[in-house]
>>> print(open('structure_26.txt').read())   # compact mmCIF, C-alpha atoms
# COMPACT_ATOMS: atom_id res chain seq x y z
CA MET Z 225 -36.22 45.45 -21.50
CA THR Z 226 -34.29 46.86 -18.54
CA ASP Z 227 -36.98 45.78 -16.12
CA THR Z 228 -36.75 42.17 -17.27
CA LYS Z 229 -32.99 41.86 -16.97
CA LEU Z 230 -31.02 41.03 -13.87
CA GLU Z 231 -27.39 41.69 -13.16
CA ILE Z 232 -25.86 38.74 -11.36
CA GLY Z 233 -24.62 39.96 -7.99
CA HIS Z 234 -27.51 42.36 -7.52
CA GLU Z 235 -30.31 41.51 -5.22
CA LEU Z 236 -33.37 40.02 -6.82
CA SER Z 237 -36.42 40.96 -4.81
CA SER Z 238 -38.87 38.96 -6.88
CA GLY Z 239 -39.44 35.45 -5.53
CA GLY Z 240 -38.02 36.31 -2.12
CA LEU Z 241 -34.37 35.94 -3.13
CA THR Z 242 -32.10 37.90 -0.84
CA THR Z 243 -28.67 36.42 -1.47
CA THR Z 244 -26.24 38.02 -3.89
CA GLY Z 245 -24.17 34.89 -4.60
CA THR Z 246 -23.53 31.34 -3.43
CA GLY Z 247 -20.81 32.17 -0.90
CA SER Z 248 -21.32 32.66 2.82
CA LYS Z 249 -19.31 32.55 6.04
CA VAL Z 250 -19.97 28.81 6.27
CA THR Z 251 -18.71 28.11 2.74
CA LYS Z 252 -15.67 30.30 3.34
CA VAL Z 253 -14.79 28.32 6.47
CA LEU Z 254 -15.47 25.04 4.65
CA GLY Z 255 -13.37 26.17 1.70
CA VAL Z 256 -10.40 26.98 3.90
CA ALA Z 257 -10.88 23.71 5.84
CA ALA Z 258 -10.98 21.79 2.55
CA LEU Z 259 -7.74 23.37 1.35
CA VAL Z 260 -6.00 22.63 4.66
CA ALA Z 261 -7.30 19.03 4.70
CA ILE Z 262 -6.19 18.46 1.09
CA GLY Z 263 -2.76 19.91 1.90
CA LEU Z 264 -2.38 17.65 4.93
CA GLN Z 265 -3.59 14.65 2.95
CA LEU Z 266 -1.03 15.28 0.23
CA LEU Z 267 1.67 15.59 2.88
CA PHE Z 268 0.76 12.37 4.68
CA GLY Z 269 -0.35 10.42 1.62
CA LEU Z 270 2.70 11.21 -0.47
CA TYR Z 271 5.44 11.91 2.04
CA TYR Z 272 5.00 10.78 5.65
CA SER Z 273 3.35 7.38 5.07
CA GLY Z 274 5.58 4.69 3.64
CA PRO Z 275 5.22 2.33 0.67
CA GLU Z 276 3.29 -0.91 1.13
CA VAL Z 277 5.07 -4.24 1.46
CA VAL Z 278 3.51 -5.72 -1.73
CA GLN Z 279 2.17 -2.79 -3.76
CA GLY Z 280 4.97 -0.35 -3.05
CA GLU Z 281 4.17 3.24 -3.93
CA ALA Z 282 0.90 2.32 -5.69
CA VAL Z 283 -0.76 2.06 -2.27
CA ARG Z 284 -0.95 5.86 -2.17
CA LEU Z 285 -3.92 5.67 -4.53
CA PHE Z 286 -5.80 4.00 -1.68
CA TYR Z 287 -5.90 7.34 0.16
CA VAL Z 288 -7.98 8.93 -2.61
CA HIS Z 289 -9.79 5.95 -4.17
CA VAL Z 290 -11.60 4.71 -1.06
CA PRO Z 291 -12.47 8.14 0.41
CA SER Z 292 -13.79 9.07 -3.02
CA VAL Z 293 -16.22 6.16 -3.23
CA LEU Z 294 -17.31 6.63 0.39
CA THR Z 295 -18.06 10.27 -0.40
CA ALA Z 296 -20.06 9.17 -3.44
CA TYR Z 297 -22.04 6.80 -1.17
CA LEU Z 298 -22.70 9.75 1.15
CA GLY Z 299 -23.99 11.84 -1.75
CA PHE Z 300 -26.24 9.07 -3.04
CA GLY Z 301 -27.48 8.55 0.53
CA ILE Z 302 -28.43 12.23 0.76
CA THR Z 303 -30.22 11.90 -2.58
CA LEU Z 304 -32.15 8.91 -1.21
CA VAL Z 305 -33.24 10.70 1.98
CA ALA Z 306 -34.05 13.97 0.20
CA SER Z 307 -36.06 12.07 -2.47
CA ILE Z 308 -38.11 10.29 0.19
CA ILE Z 309 -38.81 13.60 1.97
CA TYR Z 310 -39.71 15.23 -1.36
CA LEU Z 311 -42.24 12.51 -2.14
CA ARG Z 312 -43.77 12.90 1.32
CA LYS Z 313 -43.80 16.70 1.55
CA GLY Z 314 -43.53 17.88 -2.05
CA SER Z 315 -41.06 20.58 -1.01
CA GLN Z 316 -38.93 22.02 -3.80
CA PHE Z 317 -36.10 22.44 -1.29
CA TRP Z 318 -35.64 18.67 -0.91
CA ASP Z 319 -35.89 18.09 -4.65
CA LEU Z 320 -33.02 20.51 -5.17
CA VAL Z 321 -31.01 18.94 -2.33
CA ALA Z 322 -31.48 15.51 -3.95
CA GLY Z 323 -30.38 16.74 -7.37
CA SER Z 324 -27.40 18.71 -6.06
CA ALA Z 325 -26.13 15.80 -3.94
CA ALA Z 326 -26.47 13.37 -6.87
CA GLU Z 327 -24.56 15.68 -9.19
CA ILE Z 328 -21.59 15.95 -6.81
CA ALA Z 329 -21.74 12.25 -5.94
CA VAL Z 330 -21.60 11.31 -9.64
CA LEU Z 331 -18.40 13.36 -9.93
CA PHE Z 332 -16.88 11.46 -7.00
CA CYS Z 333 -18.07 8.18 -8.51
CA ALA Z 334 -16.35 9.05 -11.81
CA PHE Z 335 -13.19 9.91 -9.85
CA THR Z 336 -13.45 6.54 -8.09
CA LEU Z 337 -13.63 4.69 -11.42
CA PHE Z 338 -10.70 6.70 -12.75
CA THR Z 339 -8.44 6.19 -9.72
CA GLY Z 340 -9.44 2.52 -9.64
CA ALA Z 341 -8.27 2.09 -13.23
CA VAL Z 342 -5.03 3.96 -12.52
CA TRP Z 343 -4.47 1.77 -9.44
CA GLY Z 344 -5.44 -1.40 -11.29
CA LYS Z 345 -2.71 -1.20 -13.94
CA PRO Z 346 0.36 -1.40 -11.65
CA THR Z 347 -1.24 -3.88 -9.24
CA TRP Z 348 -3.62 -6.16 -11.17
CA GLY Z 349 -1.87 -5.62 -14.49
CA VAL Z 350 -4.99 -4.30 -16.24
CA TYR Z 351 -6.87 -1.01 -16.18
CA TRP Z 352 -10.22 -2.72 -16.35
CA GLN Z 353 -11.81 -6.08 -15.71
CA TRP Z 354 -15.50 -7.04 -15.80
CA ASP Z 355 -15.29 -7.87 -12.14
CA PRO Z 356 -18.43 -7.75 -9.91
CA ARG Z 357 -17.26 -4.67 -7.96
CA LEU Z 358 -16.14 -2.76 -11.05
CA THR Z 359 -19.22 -3.71 -13.05
CA SER Z 360 -21.69 -2.85 -10.29
CA THR Z 361 -19.92 0.47 -9.71
CA THR Z 362 -20.25 1.28 -13.41
CA VAL Z 363 -23.94 0.34 -13.33
CA MET Z 364 -24.35 2.66 -10.32
CA PHE Z 365 -22.57 5.46 -12.19
CA VAL Z 366 -24.75 5.05 -15.29
CA MET Z 367 -27.95 4.82 -13.23
CA TYR Z 368 -27.19 8.10 -11.48
CA LEU Z 369 -26.32 9.67 -14.84
CA GLY Z 370 -29.79 8.52 -15.82
CA TYR Z 371 -31.16 10.15 -12.69
CA LEU Z 372 -29.48 13.44 -13.65
CA ALA Z 373 -30.81 13.05 -17.21
CA VAL Z 374 -34.35 12.63 -15.90
CA ARG Z 375 -33.92 15.88 -13.99
CA ARG Z 376 -33.22 17.60 -17.32
CA LEU Z 377 -36.15 16.14 -19.26
CA ASP Z 378 -38.66 18.49 -20.85
CA LEU Z 379 -41.52 17.74 -18.51
CA GLU Z 380 -43.84 19.61 -16.24
CA PRO Z 381 -41.60 20.42 -13.21
CA ARG Z 382 -43.63 18.50 -10.61
CA VAL Z 383 -43.85 15.39 -12.81
CA ARG Z 384 -40.12 15.58 -13.49
CA SER Z 385 -39.29 15.98 -9.80
CA ARG Z 386 -41.50 13.04 -8.81
CA ARG Z 387 -39.98 10.75 -11.45
CA ALA Z 388 -36.48 11.83 -10.41
CA ALA Z 389 -37.31 11.16 -6.74
CA VAL Z 390 -38.53 7.64 -7.52
CA LEU Z 391 -35.36 6.97 -9.54
CA GLY Z 392 -33.25 8.48 -6.74
CA ILE Z 393 -34.71 5.94 -4.34
CA VAL Z 394 -34.51 2.95 -6.67
CA SER Z 395 -30.92 3.75 -7.70
CA PHE Z 396 -29.75 3.55 -4.11
CA LEU Z 397 -30.34 -0.21 -4.16
CA ASN Z 398 -27.34 -0.37 -6.44
CA VAL Z 399 -25.15 1.29 -3.79
CA ILE Z 400 -25.88 -1.69 -1.52
CA ILE Z 401 -25.06 -4.11 -4.35
CA VAL Z 402 -21.77 -2.29 -5.01
CA HIS Z 403 -20.79 -2.38 -1.35
CA TYR Z 404 -21.48 -6.10 -0.87
CA SER Z 405 -20.41 -7.25 -4.35
CA VAL Z 406 -16.99 -8.31 -3.05
CA ASP Z 407 -18.68 -10.56 -0.47
CA TRP Z 408 -21.46 -11.94 -2.68
CA TRP Z 409 -19.36 -12.82 -5.74
CA ARG Z 410 -15.80 -13.88 -6.43
CA GLY Z 411 -13.79 -11.16 -8.06
CA LEU Z 412 -10.45 -9.57 -8.65
CA HIS Z 413 -11.19 -6.62 -6.41
CA GLN Z 414 -10.01 -7.03 -2.84
CA GLN Z 415 -12.52 -7.38 0.00
CA ALA Z 416 -13.53 -4.42 2.13
CA THR Z 417 -10.57 -3.14 4.12
CA PHE Z 418 -12.64 -1.85 7.00
CA GLY Z 419 -14.27 -4.37 9.27
CA VAL Z 420 -13.51 -6.43 12.32
CA ASP Z 421 -9.96 -7.19 11.20
CA THR Z 422 -8.99 -3.85 9.70
CA LYS Z 423 -5.28 -3.91 9.02
CA LEU Z 424 -3.70 -0.65 8.00
CA ASP Z 425 -0.20 -0.16 9.29
CA GLY Z 426 1.32 2.89 10.90
CA LEU Z 427 0.41 6.15 9.22
CA MET Z 428 -1.65 4.41 6.53
CA LEU Z 429 -4.82 4.47 8.63
CA PHE Z 430 -4.24 8.12 9.57
CA SER Z 431 -3.56 9.08 5.93
CA PHE Z 432 -6.76 7.32 4.91
CA PHE Z 433 -8.85 9.18 7.52
CA LEU Z 434 -7.28 12.46 6.47
CA GLY Z 435 -8.39 11.64 2.94
CA LEU Z 436 -11.89 10.85 4.15
CA VAL Z 437 -12.10 14.15 6.05
CA ALA Z 438 -10.73 16.10 3.08
CA PHE Z 439 -13.15 14.53 0.61
CA THR Z 440 -16.11 14.99 2.94
CA VAL Z 441 -15.34 18.66 3.50
CA VAL Z 442 -14.87 19.22 -0.25
CA PHE Z 443 -18.18 17.44 -0.83
CA ALA Z 444 -19.97 19.62 1.73
CA TRP Z 445 -18.48 22.77 0.20
CA LEU Z 446 -19.49 21.75 -3.33
CA LEU Z 447 -22.93 20.63 -2.20
CA ILE Z 448 -23.77 23.94 -0.51
CA HIS Z 449 -22.64 25.92 -3.56
CA ARG Z 450 -24.43 23.61 -5.99
CA PHE Z 451 -27.60 23.71 -3.96
CA ARG Z 452 -27.51 27.50 -3.85
CA VAL Z 453 -27.01 27.68 -7.62
CA SER Z 454 -30.02 25.37 -8.04
CA TRP Z 455 -32.02 27.52 -5.64
CA LEU Z 456 -31.07 30.67 -7.57
CA GLU Z 457 -32.11 28.97 -10.82
CA HIS Z 458 -35.40 28.02 -9.21
CA GLN Z 459 -35.98 31.59 -7.98
CA LEU Z 460 -35.08 32.91 -11.40
CA ARG Z 461 -37.73 30.69 -12.97
CA LEU Z 462 -40.28 32.03 -10.48
CA ALA Z 463 -39.16 35.59 -11.25
CA ARG Z 464 -39.58 34.92 -14.97
CA LEU Z 465 -43.06 33.67 -14.29
CA ASP Z 466 -43.89 36.80 -12.26
CA GLU Z 467 -42.50 39.02 -15.02
CA ALA Z 468 -44.54 37.13 -17.61
CA LEU Z 469 -47.70 37.60 -15.55
CA VAL Z 470 -47.03 41.35 -15.21
CA GLU Z 471 -46.49 41.62 -18.97
CA ARG Z 472 -49.64 39.70 -19.77
CA ARG Z 473 -51.66 41.89 -17.39
CA ALA Z 474 -50.14 45.01 -18.96
CA GLU Z 475 -51.17 43.77 -22.40
CA GLY Z 476 -54.77 43.65 -21.20
CA THR Z 477 -54.97 47.30 -20.05
CA ILE Z 478 -55.71 50.58 -21.90
CA ASP Z 479 -52.53 52.41 -20.93
CA GLY Z 480 -50.73 49.75 -18.96
CA THR Z 481 -51.26 51.43 -15.58
CA THR Z 482 -54.97 51.79 -14.87
CA GLY Z 483 -55.87 48.14 -14.89
CA ALA Z 484 -59.01 48.90 -16.89
CA ILE Z 485 -59.79 46.34 -19.55
CA SER Z 486 -59.93 47.79 -23.03
CA MET G 62 -21.49 42.14 -14.17
CA ALA G 63 -23.06 39.53 -16.43
CA GLU G 64 -26.65 40.09 -17.40
CA VAL G 65 -29.30 37.45 -17.47
CA ASP G 66 -32.15 37.81 -19.86
CA LEU G 67 -35.40 37.57 -17.96
CA THR G 68 -37.60 38.01 -21.00
CA PRO G 69 -40.64 35.80 -20.47
CA GLU G 70 -40.23 32.56 -22.33
CA ASP G 71 -42.68 31.36 -24.94
CA ARG G 72 -45.05 29.23 -22.86
CA THR G 73 -46.65 27.65 -25.94
CA GLU G 74 -43.40 25.69 -26.35
CA THR G 75 -43.66 24.38 -22.80
CA VAL G 76 -47.19 23.20 -23.34
CA ARG G 77 -46.00 21.00 -26.19
CA LYS G 78 -43.29 19.48 -24.00
CA GLY G 79 -43.92 15.95 -22.86
CA SER G 80 -42.15 12.71 -22.07
CA ARG G 81 -42.23 11.78 -25.78
CA SER G 82 -40.39 14.81 -27.07
CA PRO G 83 -37.41 13.96 -29.34
CA ARG G 84 -34.98 15.40 -26.77
CA ASN G 85 -36.39 13.23 -24.00
CA ILE G 86 -36.33 10.14 -26.17
CA LEU G 87 -32.72 10.82 -27.20
CA ILE G 88 -31.53 11.36 -23.60
CA MET G 89 -33.24 8.24 -22.28
CA SER G 90 -32.06 6.17 -25.26
CA VAL G 91 -28.43 7.09 -24.60
CA ILE G 92 -28.76 6.21 -20.90
CA CYS G 93 -30.57 2.93 -21.65
CA LEU G 94 -27.96 1.98 -24.25
CA ALA G 95 -25.12 2.67 -21.80
CA LEU G 96 -26.83 0.68 -19.06
CA GLY G 97 -27.62 -2.12 -21.50
CA PHE G 98 -24.00 -2.29 -22.64
CA VAL G 99 -22.69 -2.54 -19.08
CA LEU G 100 -25.25 -5.18 -18.10
CA PHE G 101 -24.59 -7.17 -21.29
CA GLN G 102 -20.87 -7.16 -20.57
CA ALA G 103 -21.49 -8.16 -16.98
CA LEU G 104 -23.79 -11.03 -17.91
CA THR G 105 -21.68 -12.38 -20.76
CA ASN G 106 -18.52 -12.12 -18.69
CA ALA G 107 -20.32 -13.81 -15.81
CA ARG G 108 -19.80 -17.04 -17.73
CA ILE G 109 -16.11 -16.65 -17.15
CA PHE G 110 -16.25 -15.49 -13.56
CA PHE G 111 -13.92 -17.27 -11.27
CA LEU G 112 -13.31 -20.89 -10.46
CA ASN G 113 -10.80 -21.80 -7.80
CA VAL G 114 -8.01 -24.17 -8.85
CA ASP G 115 -9.54 -27.15 -7.04
CA GLU G 116 -12.90 -26.55 -8.74
CA ALA G 117 -11.28 -26.09 -12.15
CA VAL G 118 -9.34 -29.34 -11.76
CA ALA G 119 -12.45 -31.21 -10.62
CA GLN G 120 -14.50 -29.84 -13.55
CA GLN G 121 -11.73 -30.19 -16.17
CA SER G 122 -13.59 -32.67 -18.39
CA GLU G 123 -16.83 -30.66 -18.27
CA LEU G 124 -15.02 -27.41 -19.03
CA GLY G 125 -13.29 -28.86 -22.09
CA ASP G 126 -11.70 -26.02 -24.02
CA LYS G 127 -14.12 -23.41 -22.69
CA ARG G 128 -12.54 -20.12 -21.66
CA PHE G 129 -12.80 -19.24 -17.97
CA ARG G 130 -10.95 -17.57 -15.11
CA MET G 131 -9.12 -19.51 -12.45
CA GLN G 132 -8.03 -18.26 -9.07
CA GLY G 133 -5.07 -19.55 -7.10
CA THR G 134 -1.69 -18.76 -5.61
CA VAL G 135 1.52 -19.07 -7.62
CA THR G 136 3.51 -21.90 -6.06
CA THR G 137 6.58 -22.15 -8.30
CA VAL G 138 9.09 -19.61 -9.51
CA PRO G 139 7.81 -18.47 -12.93
CA ASP G 140 10.05 -19.77 -15.69
CA THR G 141 10.29 -17.85 -18.96
CA LYS G 142 10.98 -20.04 -22.02
CA ASP G 143 12.78 -19.04 -25.23
CA ASP G 144 9.48 -18.60 -27.10
CA GLY G 145 8.41 -16.02 -24.50
CA SER G 146 5.88 -18.24 -22.76
CA LEU G 147 5.83 -18.35 -18.99
CA PHE G 148 5.53 -21.58 -16.98
CA PHE G 149 4.41 -21.76 -13.38
CA ALA G 150 1.99 -23.61 -11.12
CA VAL G 151 -0.99 -22.33 -9.13
CA ALA G 152 -2.68 -23.94 -6.15
CA PHE G 153 -5.86 -23.55 -4.14
CA ASN G 154 -7.37 -25.75 -1.43
CA GLY G 155 -4.53 -28.26 -1.77
CA GLU G 156 -5.04 -28.75 -5.53
CA GLN G 157 -2.40 -27.64 -8.01
CA ALA G 158 -2.42 -26.88 -11.75
CA ASP G 159 0.39 -26.26 -14.23
CA VAL G 160 0.05 -23.07 -16.24
CA ARG G 161 1.54 -21.96 -19.55
CA HIS G 162 1.05 -18.25 -20.12
CA ILE G 163 1.20 -16.93 -23.69
CA GLY G 164 -0.36 -13.48 -23.27
CA ASP G 165 0.95 -10.08 -22.24
CA ALA G 166 3.43 -9.82 -19.39
CA PRO G 167 1.70 -9.64 -15.99
CA SER G 168 2.07 -6.75 -13.56
CA ALA G 169 5.35 -6.20 -11.73
CA LEU G 170 3.75 -7.64 -8.58
CA PHE G 171 3.53 -11.09 -10.20
CA GLU G 172 5.88 -13.52 -8.49
CA CYS G 173 5.95 -16.69 -6.46
CA ASN G 174 3.36 -16.78 -3.61
CA THR G 175 1.20 -14.15 -5.32
CA PRO G 176 -2.55 -14.77 -5.52
CA VAL G 177 -3.62 -14.49 -9.15
CA VAL G 178 -6.64 -14.76 -11.39
CA ILE G 179 -5.73 -16.20 -14.78
CA GLU G 180 -7.92 -16.32 -17.83
CA GLY G 181 -7.62 -19.06 -20.42
CA ARG G 182 -8.58 -22.69 -21.05
CA TRP G 183 -7.48 -26.25 -20.43
CA ILE G 184 -5.21 -27.69 -23.12
CA GLU G 185 -4.86 -31.33 -22.06
CA ASN G 186 -3.63 -31.13 -18.46
CA THR G 187 -2.11 -27.68 -18.67
CA PHE G 188 -4.02 -24.44 -18.23
CA GLU G 189 -3.12 -22.17 -21.14
CA SER G 190 -3.39 -18.61 -19.90
CA GLU G 191 -3.86 -15.47 -21.98
CA LEU G 192 -4.26 -12.99 -19.16
CA ILE G 193 -2.75 -12.88 -15.70
CA THR G 194 -4.19 -10.45 -13.16
CA VAL G 195 -2.67 -10.16 -9.72
CA LYS G 196 -4.97 -10.03 -6.72
CA HIS G 197 -3.91 -7.97 -3.77
CA SER G 198 -4.96 -8.27 -0.20
CA GLU G 199 -7.26 -5.91 1.70
CA GLU G 200 -4.53 -5.70 4.32
CA TYR G 201 -1.91 -3.02 4.02
CA GLU G 202 1.49 -3.27 5.69
CA GLU G 203 4.21 -0.69 5.53
CA ALA G 204 7.29 -2.12 3.86
CA ASN G 205 10.28 -3.09 5.97
CA GLU G 206 12.82 -5.90 5.84
CA GLU G 207 11.49 -7.92 8.80
CA ARG G 208 8.00 -8.19 7.35
CA LEU G 209 9.29 -9.27 3.96
CA GLU G 210 10.90 -12.27 5.66
CA GLU G 211 7.65 -13.05 7.49
CA ALA G 212 5.67 -13.11 4.21
CA TYR G 213 3.04 -15.83 4.00
CA LYS G 214 4.16 -18.96 2.22
CA PRO G 215 1.41 -21.41 1.19
CA VAL G 216 1.67 -25.15 1.83
CA GLY G 217 3.32 -26.94 -1.11
CA SER G 218 5.11 -23.84 -2.29
CA SER G 219 8.54 -24.39 -3.80
CA CYS G 220 9.32 -20.69 -3.96
>>> encode(input="structure_26.txt", output="structure tokens")
Amino acid sequence: MTDTKLEIGHELSSGGLTTTGTGSKVTKVLGVAALVAIGLQLLFGLYYSGPEVVQGEAVRLFYVHVPSVLTAYLGFGITLVASIIYLRKGSQFWDLVAGSAAEIAVLFCAFTLFTGAVWGKPTWGVYWQWDPRLTSTTVMFVMYLGYLAVRRLDLEPRVRSRRAAVLGIVSFLNVIIVHYSVDWWRGLHQQATFGVDTKLDGLMLFSFFLGLVAFTVVFAWLLIHRFRVSWLEHQLRLARLDEALVERRAEGTIDGTTGAIS
Amino acid sequence: MAEVDLTPEDRTETVRKGSRSPRNILIMSVICLALGFVLFQALTNARIFFLNVDEAVAQQSELGDKRFRMQGTVTTVPDTKDDGSLFFAVAFNGEQADVRHIGDAPSALFECNTPVVIEGRWIENTFESELITVKHSEEYEEANEERLEEAYKPVGSSC
């Protein structure tokens, strides 16, 4: 069995895999940049920027809540583009990019719902309300959970990838609904802060952008690692297939080396 | 170093796999149920999505004792009675309504001049509220004394 086992960290030649892990110079730089950005965001979000005139200290949740949902949009956008390219080219690379981006984006979406609830209690007075923005965000979250579930179905890999790609494209329609829900319907949730008349005083705007940078860098770091894990899993499946073929061929020979059929 | 078993899997199992396997059906059922629950809540609650105060006043007879949400700005200093109920008035588009709140205490941001969404029903000419939620603006201003004095005060406000 030694020839069919692989020690993680050792090079796997089968399937063309040459990496020994998911880290690289790029991810190391991104990791350090993410830590620095998070540190700066904490400093500005919690210390340098002041309380808001109406919400007081609760406004500090704005610096994580909005960047979080924008990062989720980015992830779902990548899933959309990668799904379209997958359907056109049939490349496994884009299928894995789509799945990896959706996984990370769902995490950010869950964080958005959580921070929204935490922010809602001291400001609105309730953790939750069936408001158009909150409801559509929850629908978006569940739909992308469904997308991830489809990626785990017991199906022939190509069929599964194609179904996931179609769902990855269809689900993005909900991102548009979420974004415009505050304009299309009356609700408790405030309108979009960023537009023609953006009004964020003093260091609030800077703290927000720091948050956006921090979340984006964290997203990029997670995405690269997640994609590489998916790629390793994919290569491992190919390696298993190769090993299985070798074993089957060996079973069909006299002594396992000559290749002569018994 | 962790070891990964690369023993070839039993392919006969894979051949049997299909979209109707019990695992697939279970996964998709859970997702569909979750989505169905959210959509059901959204659609049933859509009946009590928001009416502005002027619309609620205009439709008072049609609304009867139906539960709905009403949006407006608090225009009087909230007055707490001995029985714990809270009296105040809300206005929107020049129309005003008296409110008696009998539910949980609203958030600490609730005060005169605050935009609110209240949930309840008409009892004669008073809106009986069971839930007060405070709306906040999409504009964010750092707190300082001068700006507090400049705070927006709606027409007709007695705050």
>>> interface_residues(input="structure_26.txt", of="chain Z", to="chain G", cutoff="8 Å", atoms="all atoms listed in the file", output="NGL selection string")
:Z and (225 or 228-233 or 274-280 or 345-350 or 354-356 or 359 or 362-363 or 366-367 or 369-370 or 373-374 or 377-380 or 410-417 or 422-426 or 428 or 463-465 or 467-468)
>>> atom_distance(input="structure_26.txt", atom1="atom CA of Z:Phe439", atom2="atom CA of Z:Cys333")
12.2 Å
>>> atom_distance(input="structure_26.txt", atom1="atom CA of Z:Phe300", atom2="atom CA of Z:Ile401")
13.3 Å
>>> residues_around(input="structure_26.txt", residues="Z:Val321", least_positions_apart="4", cutoff="8 Å", atoms="only C-alpha atoms", output="list of chain:residue names")
Z:Ile302, Z:Thr303, Z:Ala306, Z:Phe317, Z:Ala325, Z:Phe451
>>> atom_distance(input="structure_26.txt", atom1="atom CA of G:Gly133", atom2="atom CA of G:Val151")
5.3 Å
>>> closest_residue(input="structure_26.txt", among="Z:Ser273, Z:Arg384, Z:Ser360, Z:Thr246", to="Z:Trp408", atoms="all atoms listed in the file")
Z:Ser360
>>> residues_around(input="structure_26.txt", residues="G:Thr187", least_positions_apart="3", cutoff="7 Å", atoms="all atoms listed in the file", output="list in words")
Ala158, Asp159, Val160, Arg161, Trp183 and Ile184 of chain G
>>> residues_around(input="structure_26.txt", residues="G:Glu191", least_positions_apart="3", cutoff="7 Å", atoms="all atoms listed in the file", output="list in words")
His162, Ile163, Gly164, Glu180 and Gly181 of chain G
>>> closest_residue(input="structure_26.txt", among="Z:Ser454, Z:Leu331, Z:Ala444, Z:Arg312", to="Z:Arg375", atoms="only C-alpha atoms")
Z:Ser454
>>> residues_around(input="structure_26.txt", residues="Z:Ser395", least_positions_apart="3", cutoff="8 Å", atoms="only C-alpha atoms", output="PyMOL selection string")
chain Z and resi 364+367-368+391-392+398-399
>>> residues_around(input="structure_26.txt", residues="Z:Gly435", least_positions_apart="4", cutoff="10 Å", atoms="all atoms listed in the file", output="list in words")
Ala261, Ile262, Leu264, Gln265, Leu266, Phe268, Gly269, Phe286, Tyr287, Val288, His289, Val290, Pro291, Ser292, Leu429, Phe430, Ser431, Phe439, Thr440 and Val441 of chain Z
